[in-house]
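Heads up, the thing below is written out as structure tokens.
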Amino acid sequence: MALFGPGKGECVVVHLGSNEWMVVDSCLGDDRNPAASTYLTSLGVAPESVRLIVASHWHDDHVGGLGKLVEQYAEAEVFCSAALEADELFHLVAAADQRPMVATTSGVHEFRRVLDALDDRDGTLRFGIADRILYRRTAAPGCEVQALSPSDASKREGLEHLSTLLDLQTMADERRTVPRPLRNPGAVVVWVHVGDVRLLLAADLEVDADPRKGWLAVLDAAAAPKGRAGFVKVAHHGSENGHEDRVWQEMLEEEVYAGLTPYLSGRTPIPRPTDVQRIVALTPNCWMTRSPGTPKVKRDWRIERMVDEAALWLRASEVGNAGALRYRRRVTGGSWRVHASGSARRLT
Amino acid sequence: MTDAAVTATPAPDVNRPSVRSDREQSSVQVFGGRVRANGVGTEWSTRAVEEGRSSTDLRLQAVTPVVSDPPWPRLDTGVVLQKWEGKVIAVTETTFTASLYDLTQESVEEDAEFSLDEISQSDRHLVAPGAVFYWSLGYRDSTTGQRTRESVVRFRRLPTWSRRDRADAEATAAGWAERLLPRE
């Protein structure tokens, strides 16, 4: 399994055994190609061996290059969150093409590319929701990929959130583009079980006080997965609002191997130092795909001075040397081996 | 710049002569018959150019002092050093955050936060999530020769959809729903 996180973006590539592969989310590498594509090509993986592509949620930092992946891996089933199953979304994606292009990247245009790629190959857009099996292989080593979220209540909340964001009339009236969603009620958490190995890919799911939503709904679901995971992709970049103690107590092995992608953009980059302390106290085996800090694009000193005067802060979120983590373990058991490259490092 | 050699290119339109200094590569701007050299306010007569003498090595004589008002209005000029296209992510009571795409050089996406005080009152109502704007940094040279640093944020009002645009989008969306969604 490999984890990529250049500072604003996240992608997990999982070998499901028997040379079958899954990609969860997508981000761009230093060469501006999807990190998953570059990695799989370097391993010599044939495109038809990629069986599953999952978009855990439609935030820009999780869908960079996703359209290209769907084009490239034409045999893969494509899943997105059931909280996106809305006619308004299709309508908006179609309408967005009527706008003059703006240079800023947009998840909407990425979504359009995914739909076009699926349309070209007579494919189907599938939806992940709690308790749904996304992939199953009975031949040894057995494999099952299950969505643990969103719950029905989270899906409903996600759809409501979407409808307020995607109101075409408001956008037309206010002459603006699609705003970036700021919440993740509909994020798809994925549970992978291959042989004796279990993985929890926690997406950006957050904790909600309502037990029907967020992590509490996952933990208390009737069809919660059995066994404990030996690896966890830490939820929501290690932030406090993605952390639920019961997940670590009930779903994960002791001293679980963990991977974390930072989100270095925004007013408060995450994980914060207190988040790192909390995670290190939970497991000594957590790595992060790149060092924290506030990367900046180098510019002429006159411009730097003017930026300092005009903006409260400005930072790039993915400046070079994107790190990657590779975790390997036999499906029959044994210990994990971790290889960190680029600026990836172990949390201490 | 006194007695500087100034080269005038042939000017088919004598009202808009094009003049360029070949001693210093910096700008010499022409404002309707007057030449201002290097933004320092030195003024030169362009009578020779106006008379149609279109030599490519035309030496102009300084005429000082210039006492009359310029016949045409002179405008501030500017130098843009850096420009971004931005998209508003979130707005608070006093600030807004935005993602920025560098239009000056190939670069990665950046994020920034600005005080709403940076935005003119006329544009303030446009600051909403999803709004597109341009942010440029540079120098402004006033007609009096003053150079000041300048940060300008201008919001863009995107064209709205026509009725036909909407109908086309609805048809496309209906087609996707029919072809791409799983059958129950």
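Letters A, B, ... mark the chains of the structure tokens in the order given; residue numbers begin at 1 per chain; ligand numbers begin at 1, in order shown.
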**Report entry** Spatial neighbours of region 81-96 of chain B, 7 Å, only C-alpha atoms, chain gap at least 3 places, as a count of residues only
**Finding:** 25
Requested in this report: Do me a favour and pick out the residues of chain A within 6 Å of chain B, using only C-alpha atoms, as a PyMOL selection string.
Outcome: chain A and resi 90-91+94-95+104+124-125+172+175-180+311-316
Requested in this report: Quick one: pick out all alpha helix (DSSP H) residues within region 91-243 of chain A from a backbone DSSP run and write them as a ChimeraX atom specification.
Outcome: /A:91-96,107-120,152-165,168-174,214-219
Query - Interatomic distance (Å, one decimal) between CA of Pro292 (chain A) and CA of Tyr263 (chain A) - result: 8.7 Å
Report task. Run DSSP on the backbone and grab whatever in region 221-340 of chain A lands in strand (DSSP E); send it over as a PyMOL selection string. Result -> chain A and resi 229-233+252-260+286-288+313-316+324-330+333-340
Query raised in the report: Excluding same-chain residues fewer than 2 positions from Asp76 (chain B), what lies within 10 Å of it counting only C-alpha atoms, as a PyMOL selection string?
Result: chain B and resi 39+74+78+140-147
Just all heavy atoms for this one: save the residues we selected as a PDB file, in the first residue's frame.
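Result went into selection16.pdb, see below:
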```pdb
ATOM      1  N   GLY B  39       9.823  58.314 -16.430  1.00  0.00           N
ATOM      2  CA  GLY B  39       8.904  58.515 -15.331  1.00  0.00           C
ATOM      3  C   GLY B  39       9.359  59.560 -14.330  1.00  0.00           C
ATOM      4  O   GLY B  39       8.872  59.601 -13.220  1.00  0.00           O
ATOM      5  N   ARG B  74      -3.042  63.531 -19.096  1.00  0.00           N
ATOM      6  CA  ARG B  74      -1.993  62.534 -18.856  1.00  0.00           C
ATOM      7  C   ARG B  74      -2.484  61.577 -17.777  1.00  0.00           C
ATOM      8  O   ARG B  74      -3.169  61.982 -16.836  1.00  0.00           O
ATOM      9  CB  ARG B  74      -0.708  63.229 -18.413  1.00  0.00           C
ATOM     10  CG  ARG B  74      -0.109  64.061 -19.523  1.00  0.00           C
ATOM     11  CD  ARG B  74       1.161  64.700 -19.107  1.00  0.00           C
ATOM     12  NE  ARG B  74       0.949  65.657 -18.049  1.00  0.00           N
ATOM     13  CZ  ARG B  74       1.946  66.212 -17.364  1.00  0.00           C
ATOM     14  NH1 ARG B  74       3.189  65.884 -17.634  1.00  0.00           N
ATOM     15  NH2 ARG B  74       1.699  67.074 -16.411  1.00  0.00           N
ATOM     16  N   GLY B  78       1.573  52.215 -14.861  1.00  0.00           N
ATOM     17  CA  GLY B  78       1.905  51.230 -13.855  1.00  0.00           C
ATOM     18  C   GLY B  78       2.746  50.096 -14.398  1.00  0.00           C
ATOM     19  O   GLY B  78       2.823  49.887 -15.609  1.00  0.00           O
ATOM     20  N   ARG B 140       2.898  51.982  -9.283  1.00  0.00           N
ATOM     21  CA  ARG B 140       2.148  52.993 -10.021  1.00  0.00           C
ATOM     22  C   ARG B 140       3.007  54.242 -10.120  1.00  0.00           C
ATOM     23  O   ARG B 140       3.543  54.725  -9.105  1.00  0.00           O
ATOM     24  CB  ARG B 140       0.826  53.309  -9.319  1.00  0.00           C
ATOM     25  CG  ARG B 140       0.077  54.487  -9.935  1.00  0.00           C
ATOM     26  CD  ARG B 140      -1.342  54.556  -9.448  1.00  0.00           C
ATOM     27  NE  ARG B 140      -2.120  53.415  -9.913  1.00  0.00           N
ATOM     28  CZ  ARG B 140      -2.706  53.348 -11.113  1.00  0.00           C
ATOM     29  NH1 ARG B 140      -2.598  54.362 -11.962  1.00  0.00           N
ATOM     30  NH2 ARG B 140      -3.390  52.280 -11.467  1.00  0.00           N
ATOM     31  N   ASP B 141       3.172  54.745 -11.323  1.00  0.00           N
ATOM     32  CA  ASP B 141       3.918  55.977 -11.556  1.00  0.00           C
ATOM     33  C   ASP B 141       2.914  57.088 -11.827  1.00  0.00           C
ATOM     34  O   ASP B 141       2.185  57.041 -12.819  1.00  0.00           O
ATOM     35  CB  ASP B 141       4.849  55.821 -12.759  1.00  0.00           C
ATOM     36  CG  ASP B 141       5.948  54.801 -12.490  1.00  0.00           C
ATOM     37  OD1 ASP B 141       6.491  54.801 -11.373  1.00  0.00           O
ATOM     38  OD2 ASP B 141       6.235  53.990 -13.393  1.00  0.00           O
ATOM     39  N   SER B 142       2.897  58.063 -10.958  1.00  0.00           N
ATOM     40  CA  SER B 142       1.929  59.134 -11.148  1.00  0.00           C
ATOM     41  C   SER B 142       2.463  60.142 -12.156  1.00  0.00           C
ATOM     42  O   SER B 142       3.651  60.151 -12.477  1.00  0.00           O
ATOM     43  CB  SER B 142       1.650  59.840  -9.815  1.00  0.00           C
ATOM     44  OG  SER B 142       2.751  60.657  -9.478  1.00  0.00           O
ATOM     45  N   THR B 143       1.584  61.003 -12.622  1.00  0.00           N
ATOM     46  CA  THR B 143       1.995  62.009 -13.594  1.00  0.00           C
ATOM     47  C   THR B 143       2.952  63.018 -12.975  1.00  0.00           C
ATOM     48  O   THR B 143       3.662  63.733 -13.676  1.00  0.00           O
ATOM     49  CB  THR B 143       0.764  62.753 -14.135  1.00  0.00           C
ATOM     50  OG1 THR B 143       0.029  63.258 -13.027  1.00  0.00           O
ATOM     51  CG2 THR B 143      -0.101  61.835 -14.960  1.00  0.00           C
ATOM     52  N   THR B 144       2.962  63.049 -11.638  1.00  0.00           N
ATOM     53  CA  THR B 144       3.899  63.971 -10.983  1.00  0.00           C
ATOM     54  C   THR B 144       5.238  63.301 -10.706  1.00  0.00           C
ATOM     55  O   THR B 144       6.106  63.885 -10.067  1.00  0.00           O
ATOM     56  CB  THR B 144       3.307  64.463  -9.652  1.00  0.00           C
ATOM     57  OG1 THR B 144       3.042  63.322  -8.829  1.00  0.00           O
ATOM     58  CG2 THR B 144       2.038  65.241  -9.876  1.00  0.00           C
ATOM     59  N   GLY B 145       5.372  62.056 -11.138  1.00  0.00           N
ATOM     60  CA  GLY B 145       6.657  61.399 -10.993  1.00  0.00           C
ATOM     61  C   GLY B 145       6.802  60.551  -9.753  1.00  0.00           C
ATOM     62  O   GLY B 145       7.851  59.969  -9.507  1.00  0.00           O
ATOM     63  N   GLN B 146       5.746  60.489  -8.959  1.00  0.00           N
ATOM     64  CA  GLN B 146       5.823  59.668  -7.751  1.00  0.00           C
ATOM     65  C   GLN B 146       5.611  58.203  -8.086  1.00  0.00           C
ATOM     66  O   GLN B 146       4.713  57.864  -8.854  1.00  0.00           O
ATOM     67  CB  GLN B 146       4.741  60.105  -6.754  1.00  0.00           C
ATOM     68  CG  GLN B 146       4.910  61.518  -6.245  1.00  0.00           C
ATOM     69  CD  GLN B 146       6.186  61.689  -5.445  1.00  0.00           C
ATOM     70  OE1 GLN B 146       6.488  60.879  -4.586  1.00  0.00           O
ATOM     71  NE2 GLN B 146       6.946  62.736  -5.761  1.00  0.00           N
ATOM     72  N   ARG B 147       6.421  57.348  -7.522  1.00  0.00           N
ATOM     73  CA  ARG B 147       6.226  55.900  -7.694  1.00  0.00           C
ATOM     74  C   ARG B 147       5.770  55.314  -6.365  1.00  0.00           C
ATOM     75  O   ARG B 147       6.400  55.512  -5.333  1.00  0.00           O
ATOM     76  CB  ARG B 147       7.513  55.231  -8.163  1.00  0.00           C
ATOM     77  CG  ARG B 147       7.460  53.721  -8.081  1.00  0.00           C
ATOM     78  CD  ARG B 147       8.567  53.061  -8.867  1.00  0.00           C
ATOM     79  NE  ARG B 147       8.193  52.947 -10.267  1.00  0.00           N
ATOM     80  CZ  ARG B 147       8.756  52.069 -11.118  1.00  0.00           C
ATOM     81  NH1 ARG B 147       9.723  51.283 -10.710  1.00  0.00           N
ATOM     82  NH2 ARG B 147       8.376  52.006 -12.376  1.00  0.00           N
TER      83      ARG B 147
END
```
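Considering only C-alpha atoms, the residue among A:Ala229, A:Ala203, A:Val247, A:Ala46 positioned nearest to Leu282 (chain A) is A:Val247.
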Query - One-decimal distance in Å that lies between CA of Tyr327 (chain A) and CA of Glu110 (chain A) - result: 28.8 Å
Report task. Find the residues near Arg346 (chain A): any atom within 12 Å, counting only C-alpha atoms, skip ones fewer than 2 places away on the same chain, and give them as JSON, numbers by chain. Result -> {"A": [257, 258, 259, 260, 261, 276, 279, 280, 283, 284, 285, 286, 287, 288, 289, 290, 291, 292, 323, 324, 325, 338, 339, 340, 341, 343, 344, 348]}
Query raised in the report: Residues at most 10 Å from region 136-147 of chain A, counting only C-alpha atoms, excluding those fewer than 2 positions away in the same chain, as JSON, numbers by chain?
Result: {"A": [16, 17, 18, 20, 22, 52, 54, 56, 81, 127, 128, 129, 130, 131, 132, 133, 134, 149, 150, 151, 187, 188, 189, 190, 191, 192, 193, 194, 195, 196, 197, 198, 199, 200, 201, 218, 224, 225, 331, 332]}
Selected residues written out, C-alpha atoms, as an mmCIF file, in the first residue's frame:
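Result went into result.cif, see below:
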```cif
data_model
loop_
_atom_site.group_PDB
_atom_site.id
_atom_site.type_symbol
_atom_site.label_atom_id
_atom_site.label_comp_id
_atom_site.auth_asym_id
_atom_site.auth_seq_id
_atom_site.Cartn_x
_atom_site.Cartn_y
_atom_site.Cartn_z
ATOM 1 C CA LEU A 16 -5.664 -6.136 -3.000
ATOM 2 C CA GLY A 17 -3.609 -9.253 -3.709
ATOM 3 C CA SER A 18 -3.580 -11.333 -6.911
ATOM 4 C CA GLU A 20 -5.517 -6.379 -8.284
ATOM 5 C CA MET A 22 -7.475 -0.058 -5.715
ATOM 6 C CA LEU A 52 -11.489 0.033 -8.118
ATOM 7 C CA VAL A 54 -12.975 5.458 -4.907
ATOM 8 C CA SER A 56 -14.031 9.420 -0.704
ATOM 9 C CA SER A 81 -20.032 9.235 -2.003
ATOM 10 C CA PHE A 127 -22.003 5.255 -4.908
ATOM 11 C CA GLY A 128 -20.452 4.328 -1.599
ATOM 12 C CA ILE A 129 -22.640 4.258 1.503
ATOM 13 C CA ALA A 130 -22.415 2.550 4.895
ATOM 14 C CA ASP A 131 -22.433 -1.250 4.779
ATOM 15 C CA ARG A 132 -22.086 -1.475 0.998
ATOM 16 C CA ILE A 133 -19.564 -3.971 -0.380
ATOM 17 C CA LEU A 134 -17.565 -2.228 -3.086
ATOM 18 C CA SER A 149 -19.939 5.554 5.683
ATOM 19 C CA PRO A 150 -21.802 7.778 5.038
ATOM 20 C CA SER A 151 -24.719 6.694 7.183
ATOM 21 C CA ALA A 187 -17.038 11.115 3.304
ATOM 22 C CA VAL A 188 -16.673 7.428 2.442
ATOM 23 C CA VAL A 189 -14.596 5.455 4.967
ATOM 24 C CA VAL A 190 -13.260 2.257 3.430
ATOM 25 C CA TRP A 191 -12.498 -1.009 5.215
ATOM 26 C CA VAL A 192 -10.244 -3.442 3.348
ATOM 27 C CA HIS A 193 -9.833 -7.080 4.326
ATOM 28 C CA VAL A 194 -7.314 -9.110 2.325
ATOM 29 C CA GLY A 195 -6.229 -12.476 3.739
ATOM 30 C CA ASP A 196 -5.269 -11.697 7.331
ATOM 31 C CA VAL A 197 -4.680 -8.006 6.718
ATOM 32 C CA ARG A 198 -7.213 -5.328 7.585
ATOM 33 C CA LEU A 199 -6.936 -1.674 6.694
ATOM 34 C CA LEU A 200 -9.028 1.304 7.763
ATOM 35 C CA LEU A 201 -8.918 4.164 5.270
ATOM 36 C CA VAL A 218 -19.648 3.938 11.913
ATOM 37 C CA ALA A 224 -19.603 -2.846 11.654
ATOM 38 C CA PRO A 225 -16.630 -4.880 10.401
ATOM 39 C CA VAL A 331 -1.440 -11.154 3.447
ATOM 40 C CA THR A 332 -0.752 -14.196 5.610
#
```
